[in-house]
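First comes the structure, then the notes that go with it.
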Amino acid sequence: MHLWNGQRKLTHSFFYVIIPQDPSNQKCGRKKTVSFSSMPSEKKISSASDCISFMQAGCELKKVRPNSRIYNRFFTLDPDLQALRWEPSKKDLEKAKLDISAIKEIRLGKNTETFRNNGLADQISEDCALSVIHGENYESLDLVANSADVANIWVSGLRYLVSRSKQPLDLMESSHNTPRFAWLKTVFEAADVDGNGIMLEDTSVELIKKLNPTLKESKIRLKFKEIQKSKEKLTTRVTKEEFCEAFSELCTRPEVYFLLVQISKNKEYLDANDLMLFLEAEQGVTHITEEMCLDIIRRYELSQEGRLKGFLAIDGFTQYLLSPECDIFDPEHKKIVQDMTQPLSHYYINASHNTYLIEDQLRGPADINGYVRALKMSCRSIELDVCDGPDNEPIICNRNNMTSPLAFRNVIEVINKLAFFASEYPLILCLGNHCSVQQQKVVVQHMKRIFGKKLYTETPLSSEVYLPSPEKLKMKIIVKGKKLPCDQDILEGEVTDEDEEAEISRRLSEDFSREPKLIWLCRELSDLVSLCKSVQYKDFETSMKAQNYWEMCSFSEAEASRIANEYPEDFVNYNKKFLSRVYPSAMRIDSSNLNPQDFWNCGCQIVAMNYQTPGPMMDLHTGWFLQNGGCGYVLRPSVMRDEVSYFSANTKGIVPGVSPQVLHVKIISGQNFPKPKGACAKGDVIDPYVCIEIHGIPADCTEQRTKTVQQNSDNPIFDESFEFQINLPELAMIRFVVLDDDYIGDEFIGQYTIPLECLQPGYRHIPLRSFVGDIMEHVTLFVHIAITNRSGGGKAQKRSLSVRIGKKAREYTMLRNTGLKTIDDIFKLAVHPLREATDMRENMQNAMVSVKELCGLPPITSLKQCILTLSSRLVTSDNAPSVTLCMKDAFPYLEPLGTMPDVQKKVLAAYDLVGAYHCYLCLSSPS
């Protein structure tokens, strides 16, 4: 995961390290240790001088050769900072070195030909690899550190040396001259009412706590004690310098500090231009202006000097990264962004099961808060099981537990009040009618009086073939239930009672063969049912021939699972036109939840969830319906809506007509992890790790995890990268779960679930949710996100740069015969153009891969970032450009102004190839 600044490729480092006190005492081959704790004997990396000290002490690195061999060598930086050395070596000491002045650039990751072609490269972690590019021919010294943290130290330190090669005396510049120190002095002086330059420890603790509310008081006091002990002080009064030192040690997140230093080209702050480049190239922000960046600085910079001069120091930058502006959830999806004018059957609908329950479905009493909770969470399908009550007043209750019933009238008054509180789109009332005809009429009276014109009772038009859209049904309440035949002039009649309550009764009585019983239904209640007439499912052939578009079937979990496994394609096709409702198995007496993804994959719109039962399944449901403004309706993927499309939920790989994507996730660090709620007493320390789960079609479902960070809950550093191929991005979700590896009892710390379509790229903070789904204050994961097409991700291919993927190896979109000769013959004409388009897309992507590889960049890099790194190479030693930029066919070509090294010629040739394909595509475009 890289970011760019100016003309130099940059990356970040995140770590605490032990800095050896005397480099001369270090013996060859001795490994330096890297730690994540905050012991008094360890120093936190917070400056380039810390990196330099570590490099001068030296450590063991693996040296990688193109011949698939790897050697262990001990690397050090000369005391005069002029050369990098390694030993043992067959060369003499003066040859086993690399002058800093010869270094062109430093790359993090496996981004050289040596790594790509080494047979052992697959066994090397991307985050532990680094390369030092040197000489006029851009030779590479390829190394592997024992950890990502050590790799980051060397990369950051060497980049600092190269960037400051003309001013080496500034390397050890004092931290007292930084904008941050100047700001902290003003904070201290403002609190020092006596003006003596010292203050009570209690006052200092309170002041730091005010500046950073996430810090524990005990940790602040411990830090002051460490500082005072190191200075052999007896007094507990705090000086200005001690206050600044304590704040810097406690409040510096190393990963953010190094990110800032590298964005700013080794300054201690970001100016507007630095911030603009970061937002545009890394964060994916478009149309960014200098004024917008200055506005960010004014809002987040803590010092008055910074706000006036237009720069963002470490603390302001940290606050900005933690702000909602850098949230992982794309703010565009917090609004209605999907087409809401399609038929109701084309949407997933947020649905609850037994909404009146707040406990298990066997013994749980009814509670009005079940409806309040569901409606406030944008639930658009709720359930009302209505039975006869005393005094001719219907009640809502669990028929297996008649205690604590709710008055039907009171329930619908609450529903009327909150129906459109969180969403203005239609609300479906799934009415379970168990009343006598007499009390059914009371139900009708209450609904008409309380809901009034909100009730949708219009007769469906036989001329239509699809349900109305959510847009057309705004602010309407739709009743789902049984209906008397329209062609019979009767006031009441018998209908079947095959709903889930009847199934539960049958299962509890172990009489599975019993026919569905009949119940009486009055005409008045029947007439309230319009668009969602409940009918019994027999088979797809019968449904496709005889079912009306306004009729819908309810499926038990077991039945829906069987159909999904046996007829996945038919289930999807059925759901293009008709609404399907799936409810949990009757055996889930503890009100556990089914996996909604299994049925969303088949296009089922209404998958009813037990809102009262938290856990992974409810996390998926809640996360899925965060999108599209949280309105409770999510448009299904086009392959599940279009009449001519083909899709099977059991697809094992690429989905026809859908371009796969690669999701790149780097888990960088965590902040303020709490102890698991259910853990037994074991102290306050935790050993966290992160699981990344992908949910979607079966071909996309997978899970990976980070290493465990020992005994660190405040700021554990994970620094691990992962890749996932996503075949149907529109239906994919990613779930981040933080767990405790050293648990007694509960291991769950927090989670966050988000649809792939809502991810923002770049460096983002993820606000973690508790087990019950509440956002936990100040508890976050810091990650880097990138999404590329399939050719831009995955393992590096072992090939020369001139090799192109042969046509025989390519996967082309296949056309299925419809059985209608005229139509099939017409579509056969599309085969050749489709193959040509596939070839062109693959050639364009391969050309881009070549440019990235020659630039020494990872697959997630954009073309703009390639140009940025090229710009640093295409400048002569006297800062004169070696190329000229000219526009041809809306593409910026680079033309040489004179002779240049072969390596640069190769890059320009690959870049020209991208331009050629771009121009071809532009000329081929109908526009």
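Simple scheme: letters A, B, ... for chains in structure tokens order, numbers from 1 for residues in each chain, numbers from 1 for ligands in the order shown.
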
Shell around region 242-245 of chain A at 8 Å using only C-alpha atoms, local window under 4 positions removed, as a list of chain:residue names: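 So the residues in contact are A:Phe181, A:Leu184, A:Lys185, A:Phe188, A:Ser204, A:Phe224, A:Ile227, A:Val238, A:Glu249.
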
All strand (DSSP E or B) residues (DSSP, backbone) inside region 122-281 of chain A, as an NGL selection string: :A and (129-134 or 139-144 or 198-199 or 238-239 or 269-271)

Using C-alpha atoms, can you export the residues from the last selection as a PDB file, in the first residue's frame?
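This is the output file result-v7.pdb:
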```pdb
ATOM      1  CA  ALA A 129      10.517  -7.046   1.190  1.00  0.00           C
ATOM      2  CA  LEU A 130      12.419  -3.934   0.096  1.00  0.00           C
ATOM      3  CA  SER A 131      14.683  -2.982  -2.785  1.00  0.00           C
ATOM      4  CA  VAL A 132      17.385  -0.340  -3.083  1.00  0.00           C
ATOM      5  CA  ILE A 133      17.631   0.858  -6.702  1.00  0.00           C
ATOM      6  CA  HIS A 134      21.040   2.285  -7.570  1.00  0.00           C
ATOM      7  CA  GLU A 139      20.307  -2.087 -10.570  1.00  0.00           C
ATOM      8  CA  SER A 140      18.547  -3.454  -7.513  1.00  0.00           C
ATOM      9  CA  LEU A 141      19.736  -4.608  -4.107  1.00  0.00           C
ATOM     10  CA  ASP A 142      16.821  -6.807  -3.012  1.00  0.00           C
ATOM     11  CA  LEU A 143      16.380  -7.476   0.698  1.00  0.00           C
ATOM     12  CA  VAL A 144      13.988  -9.187   3.094  1.00  0.00           C
ATOM     13  CA  ILE A 198       6.399  24.142  36.120  1.00  0.00           C
ATOM     14  CA  MET A 199       3.056  22.712  37.170  1.00  0.00           C
ATOM     15  CA  VAL A 238       6.374  18.805  35.647  1.00  0.00           C
ATOM     16  CA  THR A 239       8.466  21.136  33.484  1.00  0.00           C
ATOM     17  CA  TYR A 269       3.951  19.029   8.667  1.00  0.00           C
ATOM     18  CA  LEU A 270       1.807  19.000   5.528  1.00  0.00           C
ATOM     19  CA  ASP A 271       1.209  22.110   3.475  1.00  0.00           C
TER      20      ASP A 271
END
```

Got a sec: who's within 10 Å of Met900 (chain A), counting only C-alpha atoms, leaving out chain neighbours fewer than 6 positions off, as number ranges by chain? A: 136, 874, 876, 882-883

If you keep C-alpha atoms, can you produce a file of those selected residues as a PDB file, in the first residue's frame?
```pdb
ATOM      1  CA  GLU A 136      22.626   4.671 -13.858  1.00  0.00           C
ATOM      2  CA  LEU A 874      13.084  11.735 -16.307  1.00  0.00           C
ATOM      3  CA  THR A 876      18.835  14.961 -15.570  1.00  0.00           C
ATOM      4  CA  SER A 882      14.903  14.555 -20.458  1.00  0.00           C
ATOM      5  CA  VAL A 883      11.431  14.293 -22.050  1.00  0.00           C
TER       6      VAL A 883
END
```

Measuring atom to atom with only C-alpha atoms, identify which of A:Met377, A:Ile288, A:Ile754, A:Ile606 is nearest to Ala422 (chain A).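 Of all the options, A:Met377 lies closest to Ala422 (chain A).
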
Nearest residue to Ile867 (chain A) out of A:Ile412, A:Ile823, A:Ile519, A:Val851, using only C-alpha atoms? A:Val851

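Taking only C-alpha atoms, the non-local environment of Ser770 (chain A) within 10 Å (same-chain residues fewer than 2 positions away omitted) comprises A:Pro614, A:Gly615, A:Pro674, A:Pro676, A:Lys677, A:Phe748, A:Ile749, A:Gly750, A:Gln751, A:Tyr752, A:Leu768, A:Val772, A:Gly773, A:Asp774, A:Ile775, A:Met776, A:Val779.
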
For Ala608 (chain A), the closest of A:Ile478, A:Cys379, A:Val655, A:Leu418 counting only C-alpha atoms is A:Cys379

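CA of Asp742 (chain A) to CA of Lys707 (chain A) spans 12.9 Å [interatomic distance, one decimal].
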
Which value, in Å to one decimal, gives the distance between CA of Ala890 (chain A) and CA of Glu757 (chain A)? 29.6 Å

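Near Glu301 (chain A), within 8 Å and counting only C-alpha atoms, sit Arg307, Phe311, Leu312, Ala313, Asp315, Gly316 and Phe317 of chain A, not including residues fewer than 6 positions from it in the same chain.
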
Could you tell me how far CA of Asp487 (chain A) sits from CA of Leu473 (chain A), in Å to one decimal place?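 Separating CA of Leu473 (chain A) from CA of Asp487 (chain A) is a distance of 26.4 Å.
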
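If you measure from each of A:Glu305, A:Asp80, A:Asp497, A:Glu492 to Met55 (chain A) using only C-alpha atoms, the closest one turns out to be A:Asp80.
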
Non-local contacts of Glu458 (chain A) (12 Å; only C-alpha atoms; under 4 positions in same chain excluded) as number ranges by chain: A: 453-454, 468, 473, 476-479, 527-532, 550

Leaving out Tyr567 (chain A) and any residue of its chain fewer than 3 positions from it, which residues lie within 10 Å of it when counting only C-alpha atoms, given as a compact mmCIF listing (two decimals) with C-alpha atoms, in the first residue's frame?
```
# COMPACT_ATOMS: atom_id res chain seq x y z
CA PHE A 540 -41.51 -23.12 -10.22
CA SER A 561 -32.26 -24.00 1.29
CA ARG A 562 -33.42 -27.12 -0.57
CA ILE A 563 -34.69 -25.09 -3.52
CA ALA A 564 -31.51 -22.96 -3.58
CA ASP A 570 -34.81 -21.15 -11.44
CA PHE A 571 -34.97 -19.47 -8.02
CA VAL A 572 -33.19 -16.39 -9.39
CA CYS A 602 -30.81 -16.53 -4.98
CA SER A 648 -26.86 -19.19 -10.68
CA ALA A 649 -26.22 -18.77 -6.98
CA ASN A 650 -23.90 -21.80 -7.16
```

Report the closest atom pair, with its distance in Å rounded to one decimal, for each residue of region 655-687 of chain A that has an atom no farther than 8 Å from region 712-723 of chain A; count only C-alpha atoms, sort by chain and then rising residue number, and write it as a tab-separated table.
```
residue	atom	partner	partner_atom	distance
A:Val662	CA	A:Glu723	CA	6.6
A:Leu663	CA	A:Glu723	CA	5.6
A:His664	CA	A:Glu723	CA	4.7
A:Val665	CA	A:Phe722	CA	5.2
A:Lys666	CA	A:Ser721	CA	4.2
A:Ile667	CA	A:Glu720	CA	5.4
A:Ile668	CA	A:Asp719	CA	4.3
A:Ser669	CA	A:Ile717	CA	4.3
A:Gly670	CA	A:Asn715	CA	5.3
A:Gln671	CA	A:Asn715	CA	4.8
A:Asn672	CA	A:Asp714	CA	4.4
A:Phe673	CA	A:Ser713	CA	4.9
A:Pro674	CA	A:Ser713	CA	6.9
A:Val685	CA	A:Asn712	CA	6.6
A:Ile686	CA	A:Ser713	CA	6.1
A:Asp687	CA	A:Asn712	CA	6.3
```

For the structure I just gave you, how does DSSP split region 462-630 of chain A - specifically, which residues are alpha helix (DSSP H)? Reply as a PyMOL selection string. chain A and resi 500-508+523-528+540-546+557-566+568-574+596-600+616-624

Expected file: the selected residues, N, CA and C atoms, as a compact mmCIF listing (two decimals), in the first residue's frame:
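Once everything was written out, this is result_20.txt:
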```txt
# COMPACT_ATOMS: atom_id res chain seq x y z
N GLU A 500 -45.84 -19.64 8.92
CA GLU A 500 -44.81 -20.25 9.75
C GLU A 500 -45.32 -20.66 11.12
N GLU A 501 -46.30 -19.93 11.66
CA GLU A 501 -46.84 -20.31 12.96
C GLU A 501 -47.48 -21.71 12.87
N ALA A 502 -48.16 -21.95 11.73
CA ALA A 502 -48.76 -23.27 11.53
C ALA A 502 -47.68 -24.34 11.41
N GLU A 503 -46.57 -23.97 10.74
CA GLU A 503 -45.48 -24.94 10.61
C GLU A 503 -44.88 -25.27 11.97
N ILE A 504 -44.70 -24.27 12.80
CA ILE A 504 -44.16 -24.50 14.15
C ILE A 504 -45.08 -25.44 14.92
N SER A 505 -46.36 -25.18 14.83
CA SER A 505 -47.33 -26.04 15.54
C SER A 505 -47.23 -27.48 15.06
N ARG A 506 -47.12 -27.64 13.72
CA ARG A 506 -47.02 -29.00 13.18
C ARG A 506 -45.74 -29.68 13.65
N ARG A 507 -44.64 -28.93 13.65
CA ARG A 507 -43.36 -29.53 14.06
C ARG A 507 -43.37 -29.90 15.54
N LEU A 508 -43.97 -29.02 16.35
CA LEU A 508 -44.02 -29.31 17.78
C LEU A 508 -44.91 -30.52 18.06
N ARG A 523 -64.42 -10.54 4.48
CA ARG A 523 -64.17 -9.76 3.26
C ARG A 523 -63.45 -8.45 3.56
N GLU A 524 -63.81 -7.80 4.68
CA GLU A 524 -63.20 -6.51 5.00
C GLU A 524 -61.68 -6.63 5.14
N LEU A 525 -61.21 -7.68 5.85
CA LEU A 525 -59.77 -7.87 6.03
C LEU A 525 -59.12 -8.30 4.72
N SER A 526 -59.84 -9.12 3.98
CA SER A 526 -59.33 -9.56 2.67
C SER A 526 -59.08 -8.37 1.75
N ASP A 527 -59.98 -7.38 1.81
CA ASP A 527 -59.86 -6.22 0.91
C ASP A 527 -58.68 -5.31 1.26
N LEU A 528 -58.14 -5.44 2.47
CA LEU A 528 -56.95 -4.64 2.81
C LEU A 528 -55.70 -5.16 2.13
N PHE A 540 -41.76 -24.29 -9.36
CA PHE A 540 -41.51 -23.12 -10.22
C PHE A 540 -42.31 -23.19 -11.51
N GLU A 541 -42.51 -24.34 -12.05
CA GLU A 541 -43.26 -24.47 -13.29
C GLU A 541 -44.68 -23.97 -13.10
N THR A 542 -45.28 -24.38 -11.99
CA THR A 542 -46.65 -23.92 -11.70
C THR A 542 -46.69 -22.42 -11.46
N SER A 543 -45.72 -21.94 -10.69
CA SER A 543 -45.69 -20.51 -10.35
C SER A 543 -45.52 -19.65 -11.59
N MET A 544 -44.61 -20.03 -12.48
CA MET A 544 -44.34 -19.21 -13.66
C MET A 544 -45.54 -19.18 -14.61
N LYS A 545 -46.38 -20.21 -14.54
CA LYS A 545 -47.55 -20.26 -15.41
C LYS A 545 -48.77 -19.58 -14.79
N ALA A 546 -48.96 -19.80 -13.48
CA ALA A 546 -50.24 -19.42 -12.88
C ALA A 546 -50.17 -18.28 -11.87
N GLU A 557 -36.93 -21.71 6.10
CA GLU A 557 -35.49 -21.77 5.86
C GLU A 557 -35.09 -23.10 5.21
N ALA A 558 -35.65 -24.20 5.72
CA ALA A 558 -35.29 -25.52 5.19
C ALA A 558 -35.73 -25.67 3.74
N GLU A 559 -36.95 -25.22 3.45
CA GLU A 559 -37.48 -25.33 2.10
C GLU A 559 -36.69 -24.45 1.14
N ALA A 560 -36.41 -23.21 1.55
CA ALA A 560 -35.65 -22.29 0.70
C ALA A 560 -34.24 -22.83 0.44
N SER A 561 -33.61 -23.43 1.45
CA SER A 561 -32.26 -24.00 1.29
C SER A 561 -32.29 -25.14 0.27
N ARG A 562 -33.31 -26.00 0.37
CA ARG A 562 -33.42 -27.12 -0.57
C ARG A 562 -33.57 -26.61 -2.01
N ILE A 563 -34.45 -25.64 -2.18
CA ILE A 563 -34.69 -25.09 -3.52
C ILE A 563 -33.42 -24.40 -4.05
N ALA A 564 -32.73 -23.66 -3.17
CA ALA A 564 -31.51 -22.96 -3.58
C ALA A 564 -30.44 -23.94 -4.04
N ASN A 565 -30.36 -25.09 -3.41
CA ASN A 565 -29.37 -26.09 -3.79
C ASN A 565 -29.75 -26.85 -5.04
N GLU A 566 -31.05 -27.13 -5.20
CA GLU A 566 -31.49 -27.97 -6.32
C GLU A 566 -31.83 -27.16 -7.57
N PRO A 568 -31.01 -23.47 -8.30
CA PRO A 568 -30.52 -22.09 -8.04
C PRO A 568 -30.86 -21.12 -9.16
N GLU A 569 -30.74 -21.57 -10.42
CA GLU A 569 -31.03 -20.67 -11.54
C GLU A 569 -32.52 -20.35 -11.61
N ASP A 570 -33.36 -21.37 -11.40
CA ASP A 570 -34.81 -21.15 -11.44
C ASP A 570 -35.25 -20.21 -10.32
N PHE A 571 -34.62 -20.33 -9.15
CA PHE A 571 -34.97 -19.47 -8.02
C PHE A 571 -34.69 -18.01 -8.36
N VAL A 572 -33.54 -17.76 -8.99
CA VAL A 572 -33.19 -16.39 -9.39
C VAL A 572 -34.19 -15.88 -10.41
N ASN A 573 -34.52 -16.68 -11.41
CA ASN A 573 -35.46 -16.24 -12.44
C ASN A 573 -36.85 -15.98 -11.86
N TYR A 574 -37.28 -16.82 -10.94
CA TYR A 574 -38.57 -16.64 -10.28
C TYR A 574 -38.62 -15.29 -9.56
N PRO A 596 -28.40 -14.70 5.93
CA PRO A 596 -29.21 -14.07 4.87
C PRO A 596 -28.54 -14.13 3.51
N GLN A 597 -27.20 -14.20 3.50
CA GLN A 597 -26.47 -14.19 2.24
C GLN A 597 -26.86 -15.38 1.36
N ASP A 598 -27.12 -16.52 1.99
CA ASP A 598 -27.49 -17.73 1.23
C ASP A 598 -28.72 -17.49 0.38
N PHE A 599 -29.62 -16.66 0.86
CA PHE A 599 -30.88 -16.44 0.15
C PHE A 599 -30.85 -15.17 -0.70
N TRP A 600 -30.04 -14.18 -0.29
CA TRP A 600 -29.82 -13.03 -1.17
C TRP A 600 -29.16 -13.49 -2.47
N PRO A 616 -22.95 -12.71 14.16
CA PRO A 616 -22.45 -12.53 12.80
C PRO A 616 -23.53 -12.39 11.73
N MET A 617 -24.64 -13.17 11.86
CA MET A 617 -25.67 -13.10 10.82
C MET A 617 -26.40 -11.76 10.85
N MET A 618 -26.66 -11.27 12.05
CA MET A 618 -27.31 -9.96 12.16
C MET A 618 -26.34 -8.85 11.74
N ASP A 619 -25.04 -9.06 11.96
CA ASP A 619 -24.04 -8.09 11.49
C ASP A 619 -24.10 -7.96 9.97
N LEU A 620 -24.21 -9.10 9.28
CA LEU A 620 -24.30 -9.08 7.82
C LEU A 620 -25.55 -8.33 7.37
N HIS A 621 -26.65 -8.61 8.01
CA HIS A 621 -27.92 -7.97 7.66
C HIS A 621 -27.86 -6.47 7.88
N THR A 622 -27.38 -6.07 9.04
CA THR A 622 -27.29 -4.63 9.36
C THR A 622 -26.32 -3.93 8.42
N GLY A 623 -25.16 -4.56 8.16
CA GLY A 623 -24.17 -3.96 7.28
C GLY A 623 -24.68 -3.80 5.86
N TRP A 624 -25.41 -4.81 5.38
CA TRP A 624 -25.91 -4.77 4.00
C TRP A 624 -26.87 -3.60 3.79
```

Which of A:Phe827, A:Phe408, A:Phe75, A:Tyr320 sits closest to Asn392 (chain A) [using only C-alpha atoms]: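 Checking each of A:Phe827, A:Phe408, A:Phe75, A:Tyr320 against Asn392 (chain A), counting only C-alpha atoms, the winner is A:Phe408.
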